[in-house]
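Quick look at data03.pdb (PDB, C-alpha atoms):
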```pdb
MODEL        1
ATOM      1  CA  MET A   1     -17.352  -2.564 -41.876  1.00  0.00           C
ATOM      2  CA  SER A   2     -19.058   0.825 -42.025  1.00  0.00           C
ATOM      3  CA  THR A   3     -21.452   1.786 -44.788  1.00  0.00           C
ATOM      4  CA  ILE A   4     -19.414   4.863 -45.732  1.00  0.00           C
ATOM      5  CA  GLN A   5     -16.277   2.726 -46.114  1.00  0.00           C
ATOM      6  CA  THR A   6     -18.122   0.145 -48.216  1.00  0.00           C
ATOM      7  CA  VAL A   7     -19.602   2.817 -50.504  1.00  0.00           C
ATOM      8  CA  THR A   8     -16.251   4.595 -50.901  1.00  0.00           C
ATOM      9  CA  GLU A   9     -14.413   1.363 -51.722  1.00  0.00           C
ATOM     10  CA  THR A  10     -17.081   0.465 -54.286  1.00  0.00           C
ATOM     11  CA  LEU A  11     -16.681   3.885 -55.949  1.00  0.00           C
ATOM     12  CA  ILE A  12     -12.898   3.477 -56.108  1.00  0.00           C
ATOM     13  CA  ARG A  13     -13.194   0.003 -57.676  1.00  0.00           C
ATOM     14  CA  LEU A  14     -15.598   1.313 -60.333  1.00  0.00           C
ATOM     15  CA  ALA A  15     -13.372   4.323 -61.079  1.00  0.00           C
ATOM     16  CA  LYS A  16     -10.356   2.021 -61.460  1.00  0.00           C
ATOM     17  CA  GLN A  17     -12.303  -0.055 -63.994  1.00  0.00           C
ATOM     18  CA  ALA A  18     -13.881   2.763 -65.994  1.00  0.00           C
ATOM     19  CA  ILE A  19     -11.541   5.767 -65.716  1.00  0.00           C
ATOM     20  CA  HIS A  20      -7.972   4.691 -64.877  1.00  0.00           C
ATOM     21  CA  PRO A  21      -6.469   1.653 -63.092  1.00  0.00           C
ATOM     22  CA  ASP A  22      -4.285   3.818 -60.814  1.00  0.00           C
ATOM     23  CA  THR A  23      -7.161   5.820 -59.289  1.00  0.00           C
ATOM     24  CA  VAL A  24      -6.436   6.570 -55.616  1.00  0.00           C
ATOM     25  CA  LEU A  25      -8.301   8.052 -52.664  1.00  0.00           C
ATOM     26  CA  VAL A  26      -6.933  11.062 -50.790  1.00  0.00           C
ATOM     27  CA  PHE A  27      -8.727  12.455 -47.753  1.00  0.00           C
ATOM     28  CA  PRO A  28     -10.091  16.013 -47.971  1.00  0.00           C
ATOM     29  CA  ASP A  29      -7.515  17.770 -45.775  1.00  0.00           C
ATOM     30  CA  ASP A  30      -4.447  15.853 -46.941  1.00  0.00           C
ATOM     31  CA  LEU A  31      -1.943  17.441 -49.270  1.00  0.00           C
ATOM     32  CA  PHE A  32      -1.100  15.166 -52.136  1.00  0.00           C
ATOM     33  CA  GLU A  33       1.713  14.972 -54.610  1.00  0.00           C
ATOM     34  CA  VAL A  34       1.297  13.395 -57.999  1.00  0.00           C
ATOM     35  CA  GLN A  35       3.896  10.628 -58.260  1.00  0.00           C
ATOM     36  CA  ARG A  36       3.354   9.741 -61.918  1.00  0.00           C
ATOM     37  CA  THR A  37       1.106  10.760 -64.763  1.00  0.00           C
ATOM     38  CA  PRO A  38      -1.580  10.216 -65.790  1.00  0.00           C
ATOM     39  CA  SER A  39      -3.114  10.391 -62.334  1.00  0.00           C
ATOM     40  CA  VAL A  40      -6.715  10.215 -61.128  1.00  0.00           C
ATOM     41  CA  ILE A  41      -7.387  11.239 -57.550  1.00  0.00           C
ATOM     42  CA  LEU A  42     -10.657  11.032 -55.644  1.00  0.00           C
ATOM     43  CA  GLN A  43     -10.398  13.513 -52.805  1.00  0.00           C
ATOM     44  CA  GLY A  44     -12.975  12.965 -50.090  1.00  0.00           C
ATOM     45  CA  PRO A  45     -15.516  12.100 -48.975  1.00  0.00           C
ATOM     46  CA  LYS A  46     -16.958  15.296 -47.571  1.00  0.00           C
ATOM     47  CA  LEU A  47     -20.198  14.461 -45.770  1.00  0.00           C
ATOM     48  CA  ALA A  48     -23.357  16.557 -45.959  1.00  0.00           C
ATOM     49  CA  GLU A  49     -26.513  15.349 -44.235  1.00  0.00           C
ATOM     50  CA  ASP A  50     -29.666  15.027 -46.326  1.00  0.00           C
ATOM     51  CA  ARG A  51     -31.758  16.912 -43.731  1.00  0.00           C
ATOM     52  CA  PHE A  52     -34.916  16.947 -45.819  1.00  0.00           C
ATOM     53  CA  ARG A  53     -35.116  13.163 -45.517  1.00  0.00           C
ATOM     54  CA  ARG A  54     -34.367  12.931 -41.788  1.00  0.00           C
ATOM     55  CA  SER A  55     -37.011  10.873 -40.015  1.00  0.00           C
ATOM     56  CA  GLN A  56     -37.802  10.013 -36.403  1.00  0.00           C
ATOM     57  CA  SER A  57     -39.656   6.852 -37.448  1.00  0.00           C
ATOM     58  CA  ARG A  58     -38.451   3.337 -36.835  1.00  0.00           C
ATOM     59  CA  LEU A  59     -37.741   0.560 -39.319  1.00  0.00           C
ATOM     60  CA  PHE A  60     -39.456  -2.749 -38.644  1.00  0.00           C
ATOM     61  CA  GLU A  61     -38.563  -5.915 -40.554  1.00  0.00           C
ATOM     62  CA  LYS A  62     -40.479  -9.174 -40.079  1.00  0.00           C
ATOM     63  CA  ASN A  63     -39.071 -12.634 -40.688  1.00  0.00           C
ATOM     64  CA  VAL A  64     -42.250 -14.696 -40.973  1.00  0.00           C
ATOM     65  CA  ALA A  65     -40.441 -18.010 -41.482  1.00  0.00           C
ATOM     66  CA  GLU A  66     -38.594 -17.630 -38.173  1.00  0.00           C
ATOM     67  CA  LEU A  67     -41.450 -15.722 -36.441  1.00  0.00           C
ATOM     68  CA  SER A  68     -39.041 -12.970 -35.420  1.00  0.00           C
ATOM     69  CA  PHE A  69     -38.550  -9.262 -36.060  1.00  0.00           C
ATOM     70  CA  GLU A  70     -35.812  -6.628 -36.039  1.00  0.00           C
ATOM     71  CA  GLU A  71     -36.421  -2.980 -35.255  1.00  0.00           C
ATOM     72  CA  CYS A  72     -34.126   0.045 -35.369  1.00  0.00           C
ATOM     73  CA  ARG A  73     -34.232   3.791 -35.866  1.00  0.00           C
ATOM     74  CA  PHE A  74     -34.431   5.164 -39.384  1.00  0.00           C
ATOM     75  CA  PRO A  75     -30.831   5.793 -40.583  1.00  0.00           C
ATOM     76  CA  ARG A  76     -29.317   9.215 -41.046  1.00  0.00           C
ATOM     77  CA  LEU A  77     -28.702   9.838 -44.751  1.00  0.00           C
ATOM     78  CA  TYR A  78     -25.500  11.548 -45.886  1.00  0.00           C
ATOM     79  CA  HIS A  79     -24.317  12.751 -49.285  1.00  0.00           C
ATOM     80  CA  LEU A  80     -20.687  11.801 -49.950  1.00  0.00           C
ATOM     81  CA  ASP A  81     -18.961  14.454 -52.065  1.00  0.00           C
ATOM     82  CA  PHE A  82     -15.682  13.685 -53.843  1.00  0.00           C
ATOM     83  CA  ASP A  83     -13.424  16.012 -55.814  1.00  0.00           C
ATOM     84  CA  LEU A  84     -12.144  14.214 -58.900  1.00  0.00           C
ATOM     85  CA  VAL A  85      -8.693  15.495 -59.935  1.00  0.00           C
ATOM     86  CA  VAL A  86      -7.032  14.380 -63.173  1.00  0.00           C
ATOM     87  CA  THR A  87      -3.360  15.188 -63.808  1.00  0.00           C
ATOM     88  CA  VAL A  88      -1.632  14.577 -67.146  1.00  0.00           C
ATOM     89  CA  ASP A  89       1.414  15.715 -69.136  1.00  0.00           C
ATOM     90  CA  ARG A  90      -0.329  16.969 -72.288  1.00  0.00           C
ATOM     91  CA  GLU A  91      -3.616  18.657 -73.089  1.00  0.00           C
ATOM     92  CA  ALA A  92      -4.649  15.891 -75.519  1.00  0.00           C
ATOM     93  CA  GLU A  93      -4.544  13.334 -72.690  1.00  0.00           C
ATOM     94  CA  LEU A  94      -6.696  15.626 -70.567  1.00  0.00           C
ATOM     95  CA  LEU A  95      -9.393  15.686 -73.248  1.00  0.00           C
ATOM     96  CA  GLY A  96      -9.409  11.889 -73.271  1.00  0.00           C
ATOM     97  CA  PHE A  97      -9.959  11.852 -69.501  1.00  0.00           C
ATOM     98  CA  HIS A  98     -12.841  14.311 -69.860  1.00  0.00           C
ATOM     99  CA  GLU A  99     -14.517  11.737 -72.078  1.00  0.00           C
ATOM    100  CA  SER A 100     -13.647   8.828 -69.752  1.00  0.00           C
ATOM    101  CA  VAL A 101     -15.155  10.588 -66.739  1.00  0.00           C
ATOM    102  CA  SER A 102     -18.289  11.547 -68.685  1.00  0.00           C
ATOM    103  CA  ARG A 103     -18.670   7.953 -69.862  1.00  0.00           C
ATOM    104  CA  PHE A 104     -18.159   6.700 -66.283  1.00  0.00           C
ATOM    105  CA  LEU A 105     -20.998   8.902 -65.019  1.00  0.00           C
ATOM    106  CA  GLN A 106     -23.265   7.738 -67.847  1.00  0.00           C
ATOM    107  CA  LEU A 107     -22.513   4.045 -67.248  1.00  0.00           C
ATOM    108  CA  TYR A 108     -22.966   4.234 -63.477  1.00  0.00           C
ATOM    109  CA  PRO A 109     -25.876   6.537 -62.581  1.00  0.00           C
ATOM    110  CA  GLU A 110     -26.351   4.201 -59.616  1.00  0.00           C
ATOM    111  CA  ILE A 111     -23.780   2.307 -57.590  1.00  0.00           C
ATOM    112  CA  ALA A 112     -24.845  -1.134 -56.369  1.00  0.00           C
ATOM    113  CA  ILE A 113     -23.881  -1.646 -52.729  1.00  0.00           C
ATOM    114  CA  ALA A 114     -23.970  -5.114 -51.164  1.00  0.00           C
ATOM    115  CA  ASP A 115     -26.887  -5.431 -48.694  1.00  0.00           C
ATOM    116  CA  GLN A 116     -27.859  -1.766 -49.259  1.00  0.00           C
ATOM    117  CA  GLY A 117     -29.424  -1.774 -52.711  1.00  0.00           C
ATOM    118  CA  SER A 118     -28.099   1.043 -54.875  1.00  0.00           C
ATOM    119  CA  LEU A 119     -27.218   4.694 -54.372  1.00  0.00           C
ATOM    120  CA  ASN A 120     -27.357   7.480 -56.954  1.00  0.00           C
ATOM    121  CA  LEU A 121     -24.097   8.849 -58.359  1.00  0.00           C
ATOM    122  CA  THR A 122     -24.402  12.409 -59.669  1.00  0.00           C
ATOM    123  CA  GLU A 123     -22.079  15.005 -61.122  1.00  0.00           C
ATOM    124  CA  LEU A 124     -22.097  18.248 -59.118  1.00  0.00           C
ATOM    125  CA  VAL A 125     -19.406  20.060 -61.086  1.00  0.00           C
ATOM    126  CA  PRO A 126     -18.237  18.745 -64.485  1.00  0.00           C
ATOM    127  CA  LEU A 127     -14.563  17.957 -64.934  1.00  0.00           C
ATOM    128  CA  GLY A 128     -12.798  21.263 -65.567  1.00  0.00           C
ATOM    129  CA  GLY A 129     -15.312  23.247 -63.527  1.00  0.00           C
ATOM    130  CA  LEU A 130     -13.291  23.620 -60.302  1.00  0.00           C
ATOM    131  CA  ALA A 131     -10.392  26.067 -60.182  1.00  0.00           C
ATOM    132  CA  ARG A 132      -7.403  24.482 -58.431  1.00  0.00           C
ATOM    133  CA  VAL A 133      -3.961  25.864 -57.738  1.00  0.00           C
ATOM    134  CA  ASN A 134      -1.477  24.093 -59.979  1.00  0.00           C
ATOM    135  CA  LEU A 135       2.144  24.944 -59.206  1.00  0.00           C
ATOM    136  CA  SER A 136       3.658  22.470 -61.650  1.00  0.00           C
ATOM    137  CA  ASN A 137       3.963  22.318 -65.410  1.00  0.00           C
ATOM    138  CA  LEU A 138       1.459  19.420 -65.464  1.00  0.00           C
ATOM    139  CA  ARG A 139      -2.080  19.777 -66.808  1.00  0.00           C
ATOM    140  CA  GLN A 140      -4.862  19.349 -64.251  1.00  0.00           C
ATOM    141  CA  SER A 141      -8.608  19.325 -64.372  1.00  0.00           C
ATOM    142  CA  SER A 142     -11.052  18.766 -61.534  1.00  0.00           C
ATOM    143  CA  GLY A 143     -14.727  18.326 -60.873  1.00  0.00           C
ATOM    144  CA  ARG A 144     -17.012  17.078 -58.129  1.00  0.00           C
ATOM    145  CA  ILE A 145     -19.198  13.977 -57.905  1.00  0.00           C
ATOM    146  CA  ARG A 146     -21.694  12.921 -55.229  1.00  0.00           C
ATOM    147  CA  ILE A 147     -23.043   9.663 -53.917  1.00  0.00           C
ATOM    148  CA  GLU A 148     -26.494  10.525 -52.625  1.00  0.00           C
ATOM    149  CA  SER A 149     -28.214   9.456 -49.411  1.00  0.00           C
ATOM    150  CA  CYS A 150     -25.753   6.954 -47.963  1.00  0.00           C
ATOM    151  CA  PRO A 151     -27.481   5.390 -44.910  1.00  0.00           C
ATOM    152  CA  VAL A 152     -25.706   5.458 -41.542  1.00  0.00           C
ATOM    153  CA  TYR A 153     -27.372   3.404 -38.812  1.00  0.00           C
ATOM    154  CA  ASP A 154     -26.959   4.061 -35.086  1.00  0.00           C
ATOM    155  CA  GLY A 155     -26.279   0.382 -34.328  1.00  0.00           C
ATOM    156  CA  ASP A 156     -29.097   0.128 -31.747  1.00  0.00           C
ATOM    157  CA  LEU A 157     -30.947  -2.950 -33.023  1.00  0.00           C
ATOM    158  CA  HIS A 158     -33.823  -4.623 -31.160  1.00  0.00           C
ATOM    159  CA  ASP A 159     -35.042  -8.069 -32.052  1.00  0.00           C
ATOM    160  CA  GLY A 160     -37.810 -10.261 -30.736  1.00  0.00           C
ATOM    161  CA  ARG A 161     -40.400 -12.893 -31.423  1.00  0.00           C
ATOM    162  CA  LEU A 162     -43.578 -12.370 -33.406  1.00  0.00           C
ATOM    163  CA  ILE A 163     -46.830 -13.459 -31.756  1.00  0.00           C
ATOM    164  CA  ARG A 164     -47.868 -16.879 -32.974  1.00  0.00           C
ATOM    165  CA  ASP A 165     -51.157 -17.382 -31.169  1.00  0.00           C
ATOM    166  CA  ARG A 166     -53.325 -15.678 -28.565  1.00  0.00           C
ATOM    167  CA  THR A 167     -56.080 -16.839 -26.277  1.00  0.00           C
ATOM    168  CA  PHE A 168     -59.119 -14.570 -26.041  1.00  0.00           C
ATOM    169  CA  GLN A 169     -61.589 -14.874 -23.206  1.00  0.00           C
ATOM    170  CA  PHE A 170     -65.018 -13.264 -23.517  1.00  0.00           C
ATOM    171  CA  HIS A 171     -67.517 -12.667 -20.632  1.00  0.00           C
ATOM    172  CA  GLY A 172     -66.030 -15.260 -18.305  1.00  0.00           C
ATOM    173  CA  ASP A 173     -67.465 -18.502 -19.735  1.00  0.00           C
ATOM    174  CA  VAL A 174     -66.590 -18.381 -23.432  1.00  0.00           C
ATOM    175  CA  THR A 175     -62.975 -19.132 -24.276  1.00  0.00           C
ATOM    176  CA  GLU A 176     -61.890 -18.824 -27.863  1.00  0.00           C
ATOM    177  CA  GLN A 177     -58.442 -19.642 -29.130  1.00  0.00           C
ATOM    178  CA  ARG A 178     -57.431 -18.103 -32.407  1.00  0.00           C
ATOM    179  CA  THR A 179     -54.134 -18.453 -34.312  1.00  0.00           C
ATOM    180  CA  ILE A 180     -52.861 -15.156 -35.644  1.00  0.00           C
ATOM    181  CA  GLN A 181     -50.939 -15.391 -38.914  1.00  0.00           C
ATOM    182  CA  PRO A 182     -48.080 -12.877 -38.885  1.00  0.00           C
TER     183      PRO A 182
ENDMDL
END
```

Since I need it in another form, could you write the structure as structure tokens?
Amino acid sequence: MSTIQTVTETLIRLAKQAIHPDTVLVFPDDLFEVQRTPSVILQGPKLAEDRFRRSQSRLFEKNVAELSFEECRFPRLYHLDFDLVVTVDREAELLGFHESVSRFLQLYPEIAIADQGSLNLTELVPLGGLARVNLSNLRQSSGRIRIESCPVYDGDLHDGRLIRDRTFQFHGDVTEQRTIQP
């Protein structure tokens, strides 16, 4: 499973717990129709590369117990931007969702991702800050959130054995054997 998919699914699960149980994901270019209210839609992700943190270095991880290593290129880091759209019938409900979304962002400043550690969740535009076309008599409010620096690996992984011992020979006659501790 890809990292972007894992991160997106984790965000949706958290939003279903903290904001509304019927939160759904809609891709950025898809038109969507609200089937029932209240409705919470995450529209995205839109990817933006974190170019300031791009690196040509390689990652090297040792497994001393197995005397092996894994090496790969440093991952590309992408910000995942989501528009958060809330649709309700009455203005009073909309105010309640403003509070729920604010509470969600306070409770989860970081999102824990299995095998990845955690990624920062930030608010780019507060709920109510994005102007959206609303052709219905429903009340809508939208904002934008971002998951920062999601790693995407190239999949080119090299593994090998760590050196356990070496034999050194000095000036022809002297042979010394030394065990190198990895």

Determine, counting only C-alpha atoms, which protein, DNA and RNA residues have an atom within 8 Å of an atom of Arg58 of chain A; residues of the same chain fewer than 6 positions away are not included. Present the result as a PDB file with C-alpha atoms, in the frame of the given file.
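Done, and the output landed in selection.pdb:
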```pdb
ATOM      1  CA  GLU A  71     -36.421  -2.980 -35.255  1.00  0.00           C
ATOM      2  CA  CYS A  72     -34.126   0.045 -35.369  1.00  0.00           C
ATOM      3  CA  ARG A  73     -34.232   3.791 -35.866  1.00  0.00           C
ATOM      4  CA  PHE A  74     -34.431   5.164 -39.384  1.00  0.00           C
TER       5      PHE A  74
END
```

| said: Restricting the calculation to all atoms listed in the file: of A:Ala65, A:Arg53, A:Ser100, A:Ser2, which residue gets closest to Gly155 of chain A? | reply: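 Ranked by minimum distance to Gly155 of chain A, first place goes to A:Ser2.
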
Exercise. Pick from A:Asn63, A:Thr10, A:Asn120, A:Gln56: nearest to Arg76 of chain A, with all atoms listed in the file counted?
Worked result: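 Closest candidate: A:Gln56.
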
- Query: If you apply the PyMOL selection byres ((chain A and resi 12-27) around 9) to this file, what residues do you get, as a VMD selection string?
  - Reply: chain A and resid 7 to 11 28 to 32 38 to 46 97 100 to 101 103 to 104 107 to 108 111

| request: Please provide as number ranges by chain all residues within 7 Å of Glu123 of chain A, with the sequence filter that same-chain residues fewer than 5 positions apart are discarded (counting all atoms listed in the file). | output: A: 144-146

### Query
Could you pull the residues within 10 Å of Arg54 of chain A, counting all atoms listed in the file, minus those fewer than 2 positions along the same chain, as a list in words?
Glu49, Asp50, Arg51, Phe52, Gln56, Ser57, Phe74, Pro75, Arg76, Leu77 and Tyr78 of chain A

Measure the distance from atom CA of Arg90 of chain A to atom CA of Thr122 of chain A in Å and round it to one decimal.
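Computing the Euclidean distance for atom CA of Arg90 of chain A and atom CA of Thr122 of chain A yields 27.6 Å.
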
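Proximity ranking of A:Leu119, A:Leu162, A:Val86, A:Val152 relative to Arg132 of chain A places A:Val86 first, based on all atoms listed in the file.
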
Between atom CA of Val88 of chain A and atom CA of Gln5 of chain A - distance in Å to one decimal
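Distance between the two atoms: 28.2 Å.
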
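When only C-alpha atoms are used to compute distances to Ser149 of chain A, the closest of the residues A:Phe82, A:Ser68, A:Arg36, A:Leu47 turns out to be A:Leu47.
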
As an exercise, work out the distance from atom CA of Lys62 of chain A to atom CA of Ile4 of chain A in Å and give it to one decimal place.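 Calculated distance between atom CA of Lys62 of chain A and atom CA of Ile4 of chain A is 25.9 Å.
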
Open item on the list: Under the rule that only C-alpha atoms are counted, which of A:Asp156, A:Ala92, A:Leu105, A:Phe69 is the nearest residue to Gln140 of chain A?
Closed with: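 Ranking A:Asp156, A:Ala92, A:Leu105, A:Phe69 by distance to Gln140 of chain A, first place goes to A:Ala92.
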
Practice task
Go through the shown structure with the PyMOL selection byres ((chain A and resi 115) around 12) and write out the matching residues as an NGL selection string.
Solution key: :A and (3 or 6-7 or 112-114 or 116-119 or 151)

- Query: Restricting the calculation to only C-alpha atoms, which member of A:Ser142, A:Glu110, A:His158, A:Leu124 is positioned closest to Leu94 of chain A?
  - Reply: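 Of the candidates, the smallest distance to Leu94 of chain A is held by A:Ser142.
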